[in-house]
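Trainee: Structure: final.cif, mmCIF, C-alpha atoms.
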```cif
data_coords
#
loop_
_atom_site.label_atom_id
_atom_site.label_comp_id
_atom_site.auth_asym_id
_atom_site.auth_seq_id
_atom_site.Cartn_x
_atom_site.Cartn_y
_atom_site.Cartn_z
CA MET A 1 -32.23 -6.37 9.13
CA LYS A 2 -30.83 -6.36 5.60
CA PRO A 3 -28.30 -3.53 5.62
CA ALA A 4 -26.09 -1.99 2.95
CA VAL A 5 -22.80 -0.73 4.39
CA ILE A 6 -21.20 2.07 2.36
CA ALA A 7 -17.46 2.64 1.87
CA GLY A 8 -15.87 4.91 -0.67
CA ALA A 9 -12.58 6.32 0.60
CA ARG A 10 -9.60 5.27 2.68
CA PRO A 11 -11.01 6.50 6.05
CA ASN A 12 -14.24 4.58 5.40
CA PHE A 13 -12.50 1.23 5.02
CA VAL A 14 -10.93 1.51 8.47
CA LYS A 15 -14.40 1.96 9.96
CA VAL A 16 -16.45 -0.57 8.02
CA GLY A 17 -14.03 -3.46 8.63
CA PRO A 18 -14.95 -4.07 12.29
CA LEU A 19 -18.58 -3.15 11.62
CA LEU A 20 -19.02 -5.86 8.98
CA LYS A 21 -17.57 -8.45 11.37
CA ALA A 22 -19.81 -7.32 14.24
CA LEU A 23 -22.91 -7.50 12.04
CA ARG A 24 -22.06 -11.05 10.98
CA ARG A 25 -21.43 -12.05 14.62
CA ALA A 26 -24.98 -10.85 15.32
CA GLY A 27 -26.37 -13.06 12.55
CA ILE A 28 -26.88 -10.18 10.11
CA ASP A 29 -25.71 -10.52 6.50
CA PRO A 30 -24.59 -7.06 5.33
CA LYS A 31 -24.04 -6.03 1.72
CA LEU A 32 -20.85 -4.00 1.25
CA VAL A 33 -21.09 -1.26 -1.39
CA HIS A 34 -17.74 0.20 -2.45
CA THR A 35 -18.44 3.41 -4.35
CA GLY A 36 -14.95 3.56 -5.85
CA GLN A 37 -14.37 7.14 -4.67
CA HIS A 38 -10.76 6.16 -3.92
CA TYR A 39 -9.27 4.07 -6.69
CA ASP A 40 -5.50 4.10 -5.99
CA GLU A 41 -4.37 0.53 -5.22
CA ALA A 42 -2.34 1.44 -2.13
CA MET A 43 -5.14 3.63 -0.81
CA SER A 44 -8.06 1.32 -1.54
CA ALA A 45 -7.66 -2.32 -2.52
CA SER A 46 -4.84 -3.08 -0.07
CA PHE A 47 -7.11 -2.02 2.79
CA PHE A 48 -9.41 -4.95 2.06
CA THR A 49 -6.48 -7.29 2.73
CA ASP A 50 -5.04 -5.42 5.71
CA LEU A 51 -8.41 -5.10 7.42
CA ASP A 52 -9.70 -8.54 6.41
CA ILE A 53 -12.76 -7.02 4.74
CA GLN A 54 -15.06 -9.15 2.62
CA ASN A 55 -15.04 -8.56 -1.12
CA PRO A 56 -17.55 -5.83 -1.97
CA ASP A 57 -20.97 -6.95 -3.12
CA ALA A 58 -20.83 -3.98 -5.49
CA ASN A 59 -18.13 -1.63 -6.74
CA LEU A 60 -19.73 1.42 -8.28
CA GLY A 61 -16.41 2.51 -9.78
CA ILE A 62 -17.04 6.25 -9.55
CA GLY A 63 -13.45 7.54 -9.38
CA SER A 64 -12.40 11.16 -9.07
CA GLY A 65 -14.13 14.38 -10.11
CA SER A 66 -15.48 17.61 -8.69
CA HIS A 67 -17.57 17.41 -5.52
CA ALA A 68 -20.75 17.92 -7.53
CA HIS A 69 -19.87 15.35 -10.17
CA GLN A 70 -18.70 12.76 -7.66
CA THR A 71 -21.72 13.15 -5.39
CA ALA A 72 -24.17 13.01 -8.30
CA ALA A 73 -22.45 9.99 -9.85
CA VAL A 74 -22.56 8.05 -6.58
CA MET A 75 -26.24 8.95 -6.10
CA ASP A 76 -27.20 7.72 -9.55
CA ALA A 77 -25.18 4.49 -9.32
CA PHE A 78 -26.33 3.64 -5.78
CA ASP A 79 -29.96 4.35 -6.68
CA GLN A 80 -29.72 1.92 -9.58
CA TRP A 81 -28.04 -0.69 -7.39
CA LEU A 82 -30.85 -0.46 -4.84
CA ASN A 83 -33.36 -1.23 -7.61
CA ASN A 84 -31.92 -4.74 -7.83
CA ASN A 85 -31.15 -5.49 -4.17
CA ASP A 86 -33.35 -6.16 -1.15
CA ILE A 87 -32.08 -3.59 1.37
CA ASP A 88 -33.99 -2.22 4.35
CA THR A 89 -31.27 -0.14 6.10
CA VAL A 90 -28.27 1.89 4.93
CA ILE A 91 -25.22 2.37 7.17
CA VAL A 92 -22.79 5.16 6.31
CA VAL A 93 -19.56 6.18 8.02
CA GLY A 94 -17.49 9.35 8.11
CA ASP A 95 -17.95 12.46 6.01
CA VAL A 96 -16.85 11.91 2.41
CA ASN A 97 -18.98 12.57 -0.67
CA SER A 98 -20.07 8.93 -0.81
CA THR A 99 -21.45 9.26 2.73
CA LEU A 100 -23.67 12.15 1.74
CA ALA A 101 -24.67 10.73 -1.64
CA CYS A 102 -25.85 7.36 -0.34
CA THR A 103 -27.63 9.00 2.59
CA LEU A 104 -29.66 11.23 0.28
CA VAL A 105 -30.62 8.33 -1.97
CA ALA A 106 -31.68 6.20 1.00
CA VAL A 107 -33.82 8.78 2.77
CA LYS A 108 -35.59 9.74 -0.46
CA ARG A 109 -36.49 6.05 -0.81
CA GLY A 110 -37.76 5.91 2.77
CA LEU A 111 -34.88 3.71 3.96
CA PRO A 112 -33.58 4.39 7.49
CA VAL A 113 -29.96 5.54 7.68
CA ALA A 114 -27.41 5.01 10.45
CA HIS A 115 -24.49 7.45 10.55
CA VAL A 116 -21.44 6.10 12.34
CA GLU A 117 -19.22 8.97 13.52
CA ALA A 118 -22.08 11.45 13.72
CA GLY A 119 -21.93 14.84 15.40
CA LEU A 120 -18.37 15.89 14.59
CA ARG A 121 -18.07 19.60 13.78
CA SER A 122 -15.10 21.82 13.00
CA GLY A 123 -17.11 25.03 12.70
CA ASP A 124 -15.40 25.65 9.35
CA ARG A 125 -18.03 25.60 6.61
CA THR A 126 -15.36 26.07 3.92
CA MET A 127 -14.49 22.39 4.44
CA PRO A 128 -16.55 20.18 2.09
CA GLU A 129 -16.52 17.48 4.77
CA GLU A 130 -18.20 19.85 7.25
CA ILE A 131 -21.09 20.39 4.85
CA ASN A 132 -21.38 16.61 4.34
CA ARG A 133 -21.45 16.04 8.11
CA ILE A 134 -24.17 18.63 8.72
CA LEU A 135 -26.40 17.38 5.91
CA VAL A 136 -26.07 13.69 6.75
CA ASP A 137 -26.82 14.26 10.43
CA SER A 138 -29.88 16.34 9.60
CA VAL A 139 -31.64 13.40 7.91
CA ALA A 140 -30.08 10.20 9.32
CA ASP A 141 -32.14 8.15 11.77
CA TRP A 142 -29.39 6.81 14.03
CA LEU A 143 -26.72 9.34 15.02
CA LEU A 144 -23.95 7.15 16.44
CA THR A 145 -21.32 9.38 18.01
CA PRO A 146 -17.69 8.88 19.04
CA SER A 147 -17.45 11.41 21.88
CA ALA A 148 -19.33 13.73 24.23
CA ASP A 149 -18.66 16.85 22.15
CA ALA A 150 -20.41 15.19 19.21
CA ASP A 151 -23.47 14.51 21.38
CA GLU A 152 -23.55 18.18 22.40
CA ASN A 153 -23.23 19.38 18.81
CA LEU A 154 -26.24 17.31 17.78
CA ARG A 155 -28.33 18.44 20.74
CA ASN A 156 -27.52 22.06 19.88
CA GLU A 157 -28.75 21.40 16.33
CA GLY A 158 -32.06 20.09 17.65
CA ALA A 159 -31.64 16.34 17.09
CA HIS A 160 -34.16 14.22 19.01
CA ALA A 161 -32.54 12.51 21.99
CA SER A 162 -33.58 9.06 20.78
CA ARG A 163 -31.50 9.51 17.62
CA ILE A 164 -28.24 10.21 19.52
CA GLN A 165 -26.30 7.27 20.91
CA ARG A 166 -22.65 7.46 21.91
CA VAL A 167 -20.94 4.26 20.82
CA GLY A 168 -17.26 5.29 20.80
CA ASN A 169 -14.75 5.51 17.99
CA ILE A 170 -14.99 2.62 15.55
CA MET A 171 -11.60 3.46 14.04
CA VAL A 172 -10.05 2.33 17.32
CA ASP A 173 -11.40 -1.19 16.75
CA SER A 174 -9.31 -1.47 13.57
CA LEU A 175 -6.32 0.25 15.14
CA PHE A 176 -6.09 -2.19 18.05
CA ASP A 177 -6.33 -5.12 15.67
CA ALA A 178 -3.64 -3.66 13.42
CA ARG A 179 -1.20 -3.19 16.30
CA GLY A 180 -1.03 -6.96 16.62
CA ARG A 181 -0.38 -7.52 12.88
CA ARG A 182 2.69 -5.41 12.12
CA PRO A 183 4.14 -6.09 8.63
CA GLU A 184 7.30 -8.16 8.58
CA VAL A 185 9.16 -5.31 6.87
CA THR A 186 7.81 -1.75 7.14
CA THR A 187 8.64 1.40 5.23
CA ILE A 188 10.51 2.62 8.31
CA ASP A 189 12.61 -0.55 8.23
CA ARG A 190 13.42 -0.02 4.56
CA LEU A 191 14.46 3.56 5.23
CA GLY A 192 16.81 2.42 8.00
CA LEU A 193 15.01 4.47 10.66
CA THR A 194 13.84 1.70 12.96
CA ASP A 195 16.16 2.52 15.85
CA GLN A 196 16.08 6.32 15.71
CA PRO A 197 13.49 9.06 16.24
CA TYR A 198 11.72 10.35 13.15
CA ALA A 199 8.79 12.56 12.20
CA LEU A 200 5.92 11.35 10.05
CA MET A 201 3.89 13.77 7.92
CA THR A 202 0.67 13.48 5.89
CA LEU A 203 -0.99 16.20 3.82
CA HIS A 204 -4.01 15.90 1.56
CA ARG A 205 -6.62 18.60 2.16
CA ALA A 206 -7.31 20.97 -0.70
CA ALA A 207 -7.05 24.08 1.49
CA LEU A 208 -3.35 23.37 1.90
CA VAL A 209 -2.08 21.20 -0.93
CA ASP A 210 -3.93 23.03 -3.71
CA ASP A 211 -2.22 26.28 -2.70
CA GLN A 212 1.31 25.99 -4.06
CA ILE A 213 2.63 28.87 -1.96
CA LYS A 214 1.32 27.37 1.29
CA LEU A 215 2.45 23.89 0.31
CA ALA A 216 5.95 25.10 -0.58
CA GLU A 217 6.20 26.92 2.76
CA VAL A 218 5.19 23.81 4.70
CA ILE A 219 7.59 21.59 2.77
CA THR A 220 10.41 24.08 3.36
CA ALA A 221 9.68 24.18 7.10
CA MET A 222 9.59 20.38 7.34
CA ASN A 223 12.81 20.25 5.33
CA THR A 224 14.31 22.34 8.13
CA LEU A 225 12.84 19.97 10.72
CA SER A 226 14.66 17.11 9.00
CA GLU A 227 17.94 18.69 10.12
CA THR A 228 16.92 17.69 13.67
CA LEU A 229 15.28 14.35 12.90
CA PRO A 230 14.37 12.55 9.66
CA VAL A 231 10.94 13.31 8.18
CA VAL A 232 8.98 10.56 6.43
CA PHE A 233 6.33 11.84 4.05
CA PRO A 234 3.99 9.32 2.34
CA VAL A 235 2.69 11.46 -0.50
CA HIS A 236 -1.05 11.40 -1.22
CA PRO A 237 -1.82 11.35 -4.99
CA ARG A 238 -3.50 14.75 -4.67
CA THR A 239 -0.37 16.17 -3.06
CA ALA A 240 2.02 14.47 -5.47
CA SER A 241 0.44 16.23 -8.43
CA MET A 242 1.17 19.59 -6.81
CA MET A 243 4.67 18.75 -5.58
CA SER A 244 6.28 18.49 -9.02
CA ASP A 245 6.16 22.25 -9.61
CA LEU A 246 7.31 23.48 -6.19
CA GLY A 247 11.02 23.66 -6.91
CA VAL A 248 11.99 22.96 -3.27
CA ALA A 249 15.33 21.18 -2.89
CA LEU A 250 14.79 18.41 -0.34
CA SER A 251 17.43 17.22 2.09
CA SER A 252 18.52 13.59 2.15
CA ARG A 253 16.76 13.27 5.52
CA PHE A 254 13.38 14.24 4.02
CA HIS A 255 12.00 10.92 2.75
CA LEU A 256 9.15 10.97 0.22
CA THR A 257 7.38 7.62 -0.19
CA ALA A 258 4.38 6.24 -2.01
CA PRO A 259 1.13 5.98 0.01
CA LEU A 260 1.43 3.28 2.67
CA THR A 261 -0.84 0.33 3.29
CA TYR A 262 -2.91 0.54 6.46
CA LEU A 263 -0.78 -1.84 8.52
CA ASP A 264 2.41 -0.12 7.39
CA PHE A 265 1.03 3.31 8.20
CA VAL A 266 -0.14 2.29 11.68
CA ALA A 267 3.31 0.84 12.39
CA SER A 268 4.93 4.04 11.09
CA GLN A 269 2.74 6.17 13.36
CA ALA A 270 3.38 3.98 16.39
CA GLY A 271 7.15 4.36 16.04
CA ALA A 272 7.18 8.10 15.30
CA ALA A 273 8.49 10.72 17.68
CA ILE A 274 5.93 13.16 16.28
CA VAL A 275 3.30 13.20 13.52
CA LEU A 276 2.34 16.28 11.48
CA THR A 277 -0.94 16.04 9.60
CA ASP A 278 -4.06 17.68 8.21
CA SER A 279 -6.02 14.42 8.55
CA GLY A 280 -8.83 13.94 11.03
CA GLY A 281 -8.31 10.20 11.36
CA VAL A 282 -4.60 10.57 12.11
CA GLN A 283 -5.45 12.89 15.01
CA GLU A 284 -7.50 10.05 16.48
CA GLU A 285 -4.95 7.33 15.77
CA THR A 286 -2.08 9.21 17.38
CA THR A 287 -4.23 9.87 20.44
CA CYS A 288 -4.78 6.13 20.86
CA LEU A 289 -1.15 5.29 20.08
CA GLY A 290 0.21 7.87 22.54
CA VAL A 291 2.19 9.68 19.83
CA ARG A 292 2.65 13.47 19.67
CA CYS A 293 0.58 15.05 16.88
CA LEU A 294 0.52 18.52 15.36
CA THR A 295 -2.50 19.32 13.17
CA LEU A 296 -1.72 21.73 10.34
CA ARG A 297 -5.19 23.27 10.22
CA GLU A 298 -6.97 26.20 11.83
CA SER A 299 -9.65 23.98 13.40
CA THR A 300 -10.50 20.38 14.14
CA GLU A 301 -13.75 18.44 14.15
CA ARG A 302 -12.13 16.16 16.72
CA PRO A 303 -11.45 18.48 19.69
CA VAL A 304 -11.42 15.51 22.05
CA THR A 305 -8.01 14.60 20.60
CA VAL A 306 -6.75 17.90 22.02
CA THR A 307 -8.52 17.79 25.39
CA HIS A 308 -8.04 14.06 25.99
CA GLY A 309 -5.17 13.10 23.72
CA THR A 310 -1.86 13.94 22.16
CA ASN A 311 -2.99 16.42 19.52
CA GLU A 312 -2.27 20.14 19.16
CA VAL A 313 -3.84 22.32 16.45
CA VAL A 314 -1.12 24.69 15.20
CA GLY A 315 -2.69 26.28 12.13
CA VAL A 316 -0.99 26.67 8.77
CA ASN A 317 1.84 28.99 9.79
CA PRO A 318 4.87 26.86 8.79
CA GLN A 319 7.33 28.66 11.07
CA PHE A 320 5.07 28.23 14.10
CA ALA A 321 4.53 24.57 13.20
CA LEU A 322 8.29 24.09 13.05
CA GLU A 323 8.77 25.78 16.42
CA ARG A 324 6.04 23.69 18.04
CA ALA A 325 7.39 20.48 16.53
CA LEU A 326 10.84 21.14 17.98
CA ALA A 327 9.34 22.07 21.36
CA ARG A 328 6.99 19.08 21.51
CA LEU A 329 9.90 16.67 21.08
CA THR A 330 11.00 17.50 24.63
CA GLU A 331 7.52 17.60 26.17
CA PRO A 332 5.84 14.59 27.82
CA VAL A 333 3.23 12.64 25.88
CA SER A 334 -0.34 12.35 27.17
CA ASP A 335 -1.55 8.86 28.03
CA ARG A 336 -5.24 9.87 28.16
CA ARG A 337 -7.76 8.22 25.89
CA PRO A 338 -11.39 9.32 25.42
CA GLU A 339 -14.19 7.28 26.95
CA LEU A 340 -15.37 4.28 24.88
CA TRP A 341 -12.31 4.37 22.61
CA ASP A 342 -11.72 0.81 23.69
CA GLY A 343 -11.96 -1.44 20.60
CA ASN A 344 -15.59 -2.49 21.20
CA THR A 345 -17.43 0.20 19.28
CA ALA A 346 -18.63 -2.01 16.42
CA ASP A 347 -20.58 -4.23 18.81
CA ARG A 348 -22.19 -1.15 20.38
CA VAL A 349 -23.20 0.05 16.90
CA VAL A 350 -24.97 -3.25 16.22
CA ALA A 351 -26.73 -3.07 19.59
CA ALA A 352 -27.85 0.50 18.88
CA LEU A 353 -29.42 -0.57 15.59
CA GLN A 354 -31.87 -2.81 17.44
CA THR A 355 -33.89 0.25 18.57
CA ARG A 356 -35.53 2.48 15.97
CA PRO A 357 -35.20 6.19 16.89
CA GLN A 358 -37.76 8.88 16.13
CA PHE A 359 -37.68 12.41 14.77
CA GLN A 360 -39.39 15.21 16.69
#
```
Output the file's structure as C-alpha cells, nothing else.

Mentor:
Amino acid sequence: MKPAVIAGARPNFVKVGPLLKALRRAGIDPKLVHTGQHYDEAMSASFFTDLDIQNPDANLGIGSGSHAHQTAAVMDAFDQWLNNNDIDTVIVVGDVNSTLACTLVAVKRGLPVAHVEAGLRSGDRTMPEEINRILVDSVADWLLTPSADADENLRNEGAHASRIQRVGNIMVDSLFDARGRRPEVTTIDRLGLTDQPYALMTLHRAALVDDQIKLAEVITAMNTLSETLPVVFPVHPRTASMMSDLGVALSSRFHLTAPLTYLDFVASQAGAAIVLTDSGGVQEETTCLGVRCLTLRESTERPVTVTHGTNEVVGVNPQFALERALARLTEPVSDRRPELWDGNTADRVVAALQTRPQFQ
C-alpha cells in the first residue's frame, strides 16, 4: 500500500497523527498531504509539534475562501500533486472541505478511498459539514466508523456491509497521548485559575458566529455566567472578526485568549468545571475526559456523546444555555465512555485496510 493521508484543518491533525504512526508501525510509508485549509499558526503548525506529526510531504497552501472556491482549489492542487506521486490509496478523515475535495479527485482517478470517522449524521443539511459527510460516504470504499449510530446511519443509506467497519474514535488516541504531555505552563496557569473552577467556551460555526445578534446574545449570557465562575474563551479567528463590532462590555472574569495549542487546549478542557461549545470534536473530548459539556447547537452528529457521555445539546437559546450551565455545575458527571474509544483505533484502521470492500 502506498497511501496519501489528507489533513487540512485543525480537527484533521488530531486524527492523522496516530494514524501516520500506526501505518509506519505496520511497515507502510504514508505520504502526508496538508491542504493548507487552516493556515493560522496556533491552529495549524503548532499541531505538528504537539502531536509529533511528520513534516508534510506536500503543503497545497490553499487558505481561506468560500466553500466552492476552497473545495475547487483543493481539488485542482491535489489532482496536480497526484500526477507526480505514486499513490494507490487515499485516506481522508473528518468532514471538512479538504475531505470532500480529495475524495472526489481520488475516486474519479479510480483510487480507493478510506474515510475515517464515517457515518456521522446530524440530520441538519444546512451544515456544510453534513453535506461533505454524506457525499464522501457515498463514494468511499472503506467506511471506518467511530460508533454504533454511525454504522446504523450507513446501513440506512444502503452502504454494503463489507464497506462498514467500526474501528472506534481515532481522536481518542491523540487525546490519551496528550494527557500525559501537559505543557509546563498552560493558559489556565497564566490566568491564575489553576486552583478554582472555571468554564471553557469555544465558538466557530458560521450559523452562530456569523449572526451578530445571536453571537452578542451568547456572549452576554456567558458574561453573566462569569459572575458565578470565570469563563475562558479562546477566540477562533472567524469569531474574532465578528467580535469587534458587538459592543458587549465584558466582565473581568470573562477571559478572551488567542487560539490555544492542542496540548494547552486539552489541559484546559481537563481542568474545566464545564465546557460550552459548538464543536463536534470537543463533544467527544469532554466525553472521554469526564467533563460536563453543553453544545450550543440544535443538533449533533455525535449523539453517542449524549447517550454515553457528558454532553447535553441545549440549542442556541442563550438564556436556556445559561440556566443549564448553572444547573449542570451541581449535577454528577457521567463516567461512561463509548465502546472502542480506548486509544487503539489507529491500529484497527490499519487492520481494516488489509481487506478491500465491495460496492453492491

Trainee: Determine, for each residue of range 181-298 of chain A having at least one atom at most 9 Å from an atom of range 43-66 of chain A, the closest pair of atoms and their separation in Å to one decimal, counting all atoms listed in the file; order by chain and ascending number, as JSON lines.

Mentor:
```
{"residue": "A:Arg181", "atom": "CA", "partner": "A:Asp50", "partner_atom": "CA", "distance": 8.8}
{"residue": "A:His236", "atom": "CA", "partner": "A:Met43", "partner_atom": "CA", "distance": 8.8}
{"residue": "A:Pro259", "atom": "CA", "partner": "A:Met43", "partner_atom": "CA", "distance": 6.7}
{"residue": "A:Leu260", "atom": "CA", "partner": "A:Met43", "partner_atom": "CA", "distance": 7.4}
{"residue": "A:Thr261", "atom": "CA", "partner": "A:Ser46", "partner_atom": "CA", "distance": 6.2}
{"residue": "A:Tyr262", "atom": "CA", "partner": "A:Phe47", "partner_atom": "CA", "distance": 6.1}
{"residue": "A:Leu263", "atom": "CA", "partner": "A:Asp50", "partner_atom": "CA", "distance": 6.2}
```

Trainee: I would like the residues chosen by the PyMOL selection byres ((chain A and resi 294) around 8) on the shown file; could you give them as number ranges by chain?

Mentor: A: 274-277, 292-293, 295-296, 311-314, 321, 325

Trainee: Write out the residues from the selection above, keeping C-alpha atoms, as a short mmCIF file (atom, residue, chain, number, x, y, z; two decimals), in the coordinates of the input.

Mentor:
```
data_model
loop_
_atom_site.label_atom_id
_atom_site.label_comp_id
_atom_site.auth_asym_id
_atom_site.auth_seq_id
_atom_site.Cartn_x
_atom_site.Cartn_y
_atom_site.Cartn_z
CA ILE A 274 5.93 13.16 16.28
CA VAL A 275 3.30 13.20 13.52
CA LEU A 276 2.34 16.28 11.48
CA THR A 277 -0.94 16.04 9.60
CA ARG A 292 2.65 13.47 19.67
CA CYS A 293 0.58 15.05 16.88
CA THR A 295 -2.50 19.32 13.17
CA LEU A 296 -1.72 21.73 10.34
CA ASN A 311 -2.99 16.42 19.52
CA GLU A 312 -2.27 20.14 19.16
CA VAL A 313 -3.84 22.32 16.45
CA VAL A 314 -1.12 24.69 15.20
CA ALA A 321 4.53 24.57 13.20
CA ALA A 325 7.39 20.48 16.53
#
```

Trainee: Starting from the displayed file, determine the output of the PyMOL selection byres ((chain A and resi 21-34) around 10) and express the residue list as a PDB file with C-alpha atoms, keeping the file's coordinate frame.

Mentor:
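In the end it all went to result.pdb:
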```pdb
ATOM      1  CA  MET A   1     -32.230  -6.370   9.130  1.00  0.00           C
ATOM      2  CA  LYS A   2     -30.830  -6.360   5.600  1.00  0.00           C
ATOM      3  CA  PRO A   3     -28.300  -3.530   5.620  1.00  0.00           C
ATOM      4  CA  ALA A   4     -26.090  -1.990   2.950  1.00  0.00           C
ATOM      5  CA  VAL A   5     -22.800  -0.730   4.390  1.00  0.00           C
ATOM      6  CA  ILE A   6     -21.200   2.070   2.360  1.00  0.00           C
ATOM      7  CA  ALA A   7     -17.460   2.640   1.870  1.00  0.00           C
ATOM      8  CA  GLY A   8     -15.870   4.910  -0.670  1.00  0.00           C
ATOM      9  CA  ALA A   9     -12.580   6.320   0.600  1.00  0.00           C
ATOM     10  CA  ASN A  12     -14.240   4.580   5.400  1.00  0.00           C
ATOM     11  CA  PHE A  13     -12.500   1.230   5.020  1.00  0.00           C
ATOM     12  CA  VAL A  16     -16.450  -0.570   8.020  1.00  0.00           C
ATOM     13  CA  GLY A  17     -14.030  -3.460   8.630  1.00  0.00           C
ATOM     14  CA  PRO A  18     -14.950  -4.070  12.290  1.00  0.00           C
ATOM     15  CA  LEU A  19     -18.580  -3.150  11.620  1.00  0.00           C
ATOM     16  CA  LEU A  20     -19.020  -5.860   8.980  1.00  0.00           C
ATOM     17  CA  THR A  35     -18.440   3.410  -4.350  1.00  0.00           C
ATOM     18  CA  GLY A  36     -14.950   3.560  -5.850  1.00  0.00           C
ATOM     19  CA  GLN A  37     -14.370   7.140  -4.670  1.00  0.00           C
ATOM     20  CA  HIS A  38     -10.760   6.160  -3.920  1.00  0.00           C
ATOM     21  CA  SER A  44      -8.060   1.320  -1.540  1.00  0.00           C
ATOM     22  CA  ASP A  52      -9.700  -8.540   6.410  1.00  0.00           C
ATOM     23  CA  ILE A  53     -12.760  -7.020   4.740  1.00  0.00           C
ATOM     24  CA  GLN A  54     -15.060  -9.150   2.620  1.00  0.00           C
ATOM     25  CA  ASN A  55     -15.040  -8.560  -1.120  1.00  0.00           C
ATOM     26  CA  PRO A  56     -17.550  -5.830  -1.970  1.00  0.00           C
ATOM     27  CA  ASP A  57     -20.970  -6.950  -3.120  1.00  0.00           C
ATOM     28  CA  ALA A  58     -20.830  -3.980  -5.490  1.00  0.00           C
ATOM     29  CA  ASN A  59     -18.130  -1.630  -6.740  1.00  0.00           C
ATOM     30  CA  LEU A  60     -19.730   1.420  -8.280  1.00  0.00           C
ATOM     31  CA  GLY A  61     -16.410   2.510  -9.780  1.00  0.00           C
ATOM     32  CA  ILE A  62     -17.040   6.250  -9.550  1.00  0.00           C
ATOM     33  CA  PHE A  78     -26.330   3.640  -5.780  1.00  0.00           C
ATOM     34  CA  TRP A  81     -28.040  -0.690  -7.390  1.00  0.00           C
ATOM     35  CA  ASN A  85     -31.150  -5.490  -4.170  1.00  0.00           C
ATOM     36  CA  ASP A  86     -33.350  -6.160  -1.150  1.00  0.00           C
ATOM     37  CA  ILE A  87     -32.080  -3.590   1.370  1.00  0.00           C
ATOM     38  CA  THR A  89     -31.270  -0.140   6.100  1.00  0.00           C
ATOM     39  CA  VAL A  90     -28.270   1.890   4.930  1.00  0.00           C
ATOM     40  CA  ILE A  91     -25.220   2.370   7.170  1.00  0.00           C
ATOM     41  CA  SER A  98     -20.070   8.930  -0.810  1.00  0.00           C
ATOM     42  CA  CYS A 102     -25.850   7.360  -0.340  1.00  0.00           C
ATOM     43  CA  ASN A 344     -15.590  -2.490  21.200  1.00  0.00           C
ATOM     44  CA  THR A 345     -17.430   0.200  19.280  1.00  0.00           C
ATOM     45  CA  ALA A 346     -18.630  -2.010  16.420  1.00  0.00           C
ATOM     46  CA  ASP A 347     -20.580  -4.230  18.810  1.00  0.00           C
ATOM     47  CA  ARG A 348     -22.190  -1.150  20.380  1.00  0.00           C
ATOM     48  CA  VAL A 349     -23.200   0.050  16.900  1.00  0.00           C
ATOM     49  CA  VAL A 350     -24.970  -3.250  16.220  1.00  0.00           C
ATOM     50  CA  ALA A 351     -26.730  -3.070  19.590  1.00  0.00           C
TER      51      ALA A 351
END
```

Trainee: Which residue, A:Thr300, A:Gly290, A:Leu250, A:Leu329, has the smallest gap to Leu229 in chain A when you use all atoms listed in the file?

Mentor: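 Of A:Thr300, A:Gly290, A:Leu250, A:Leu329, the one nearest Leu229 in chain A is A:Leu329, counting all atoms listed in the file.
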
Trainee: In Å, rounded to a single decimal, give me how far CA of Pro230 in chain A is from CA of Thr194 in chain A.

Mentor: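 Calculated distance between CA of Thr194 in chain A and CA of Pro230 in chain A is 11.4 Å.
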
Trainee: Under the PyMOL selection byres ((chain A and resi 307) around 12), which residues of this model are included? Write them out as JSON, numbers by chain.

Mentor: {"A": [147, 148, 149, 283, 284, 287, 300, 302, 303, 304, 305, 306, 308, 309, 310, 311, 312, 313, 334, 335, 336, 337, 338]}

Trainee: Pick from A:Ala150, A:Ala258, A:Phe359, A:Val266: nearest to Gly180 in chain A, with all atoms listed in the file counted?

Mentor: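 With all atoms listed in the file as the atom set, the closest residue is A:Val266.
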
Trainee: Please provide the set of residues having any atom within 7 Å of Asp278 in chain A, restricted to only C-alpha atoms, with same-chain residues fewer than 4 positions apart removed, written as a count of residues only.

Mentor: 7

Trainee: Find, counting all atoms listed in the file, the residue in A:Ala221, A:Val248, A:Val113, A:Val232 that gets nearest to Val316 in chain A.

Mentor: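 Result for the nearest residue to Val316 in chain A: A:Ala221.
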
Trainee: Report, in Å with one decimal, the straight-line distance from CA of Leu200 in chain A to CA of Leu326 in chain A.

Mentor: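 Calculated distance between CA of Leu200 in chain A and CA of Leu326 in chain A is 13.5 Å.
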
Trainee: Record the distance separating CA of Pro183 in chain A and CA of Ala270 in chain A, expressed in Å with one decimal.

Mentor: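 CA of Ala270 in chain A lies 12.7 Å from CA of Pro183 in chain A.
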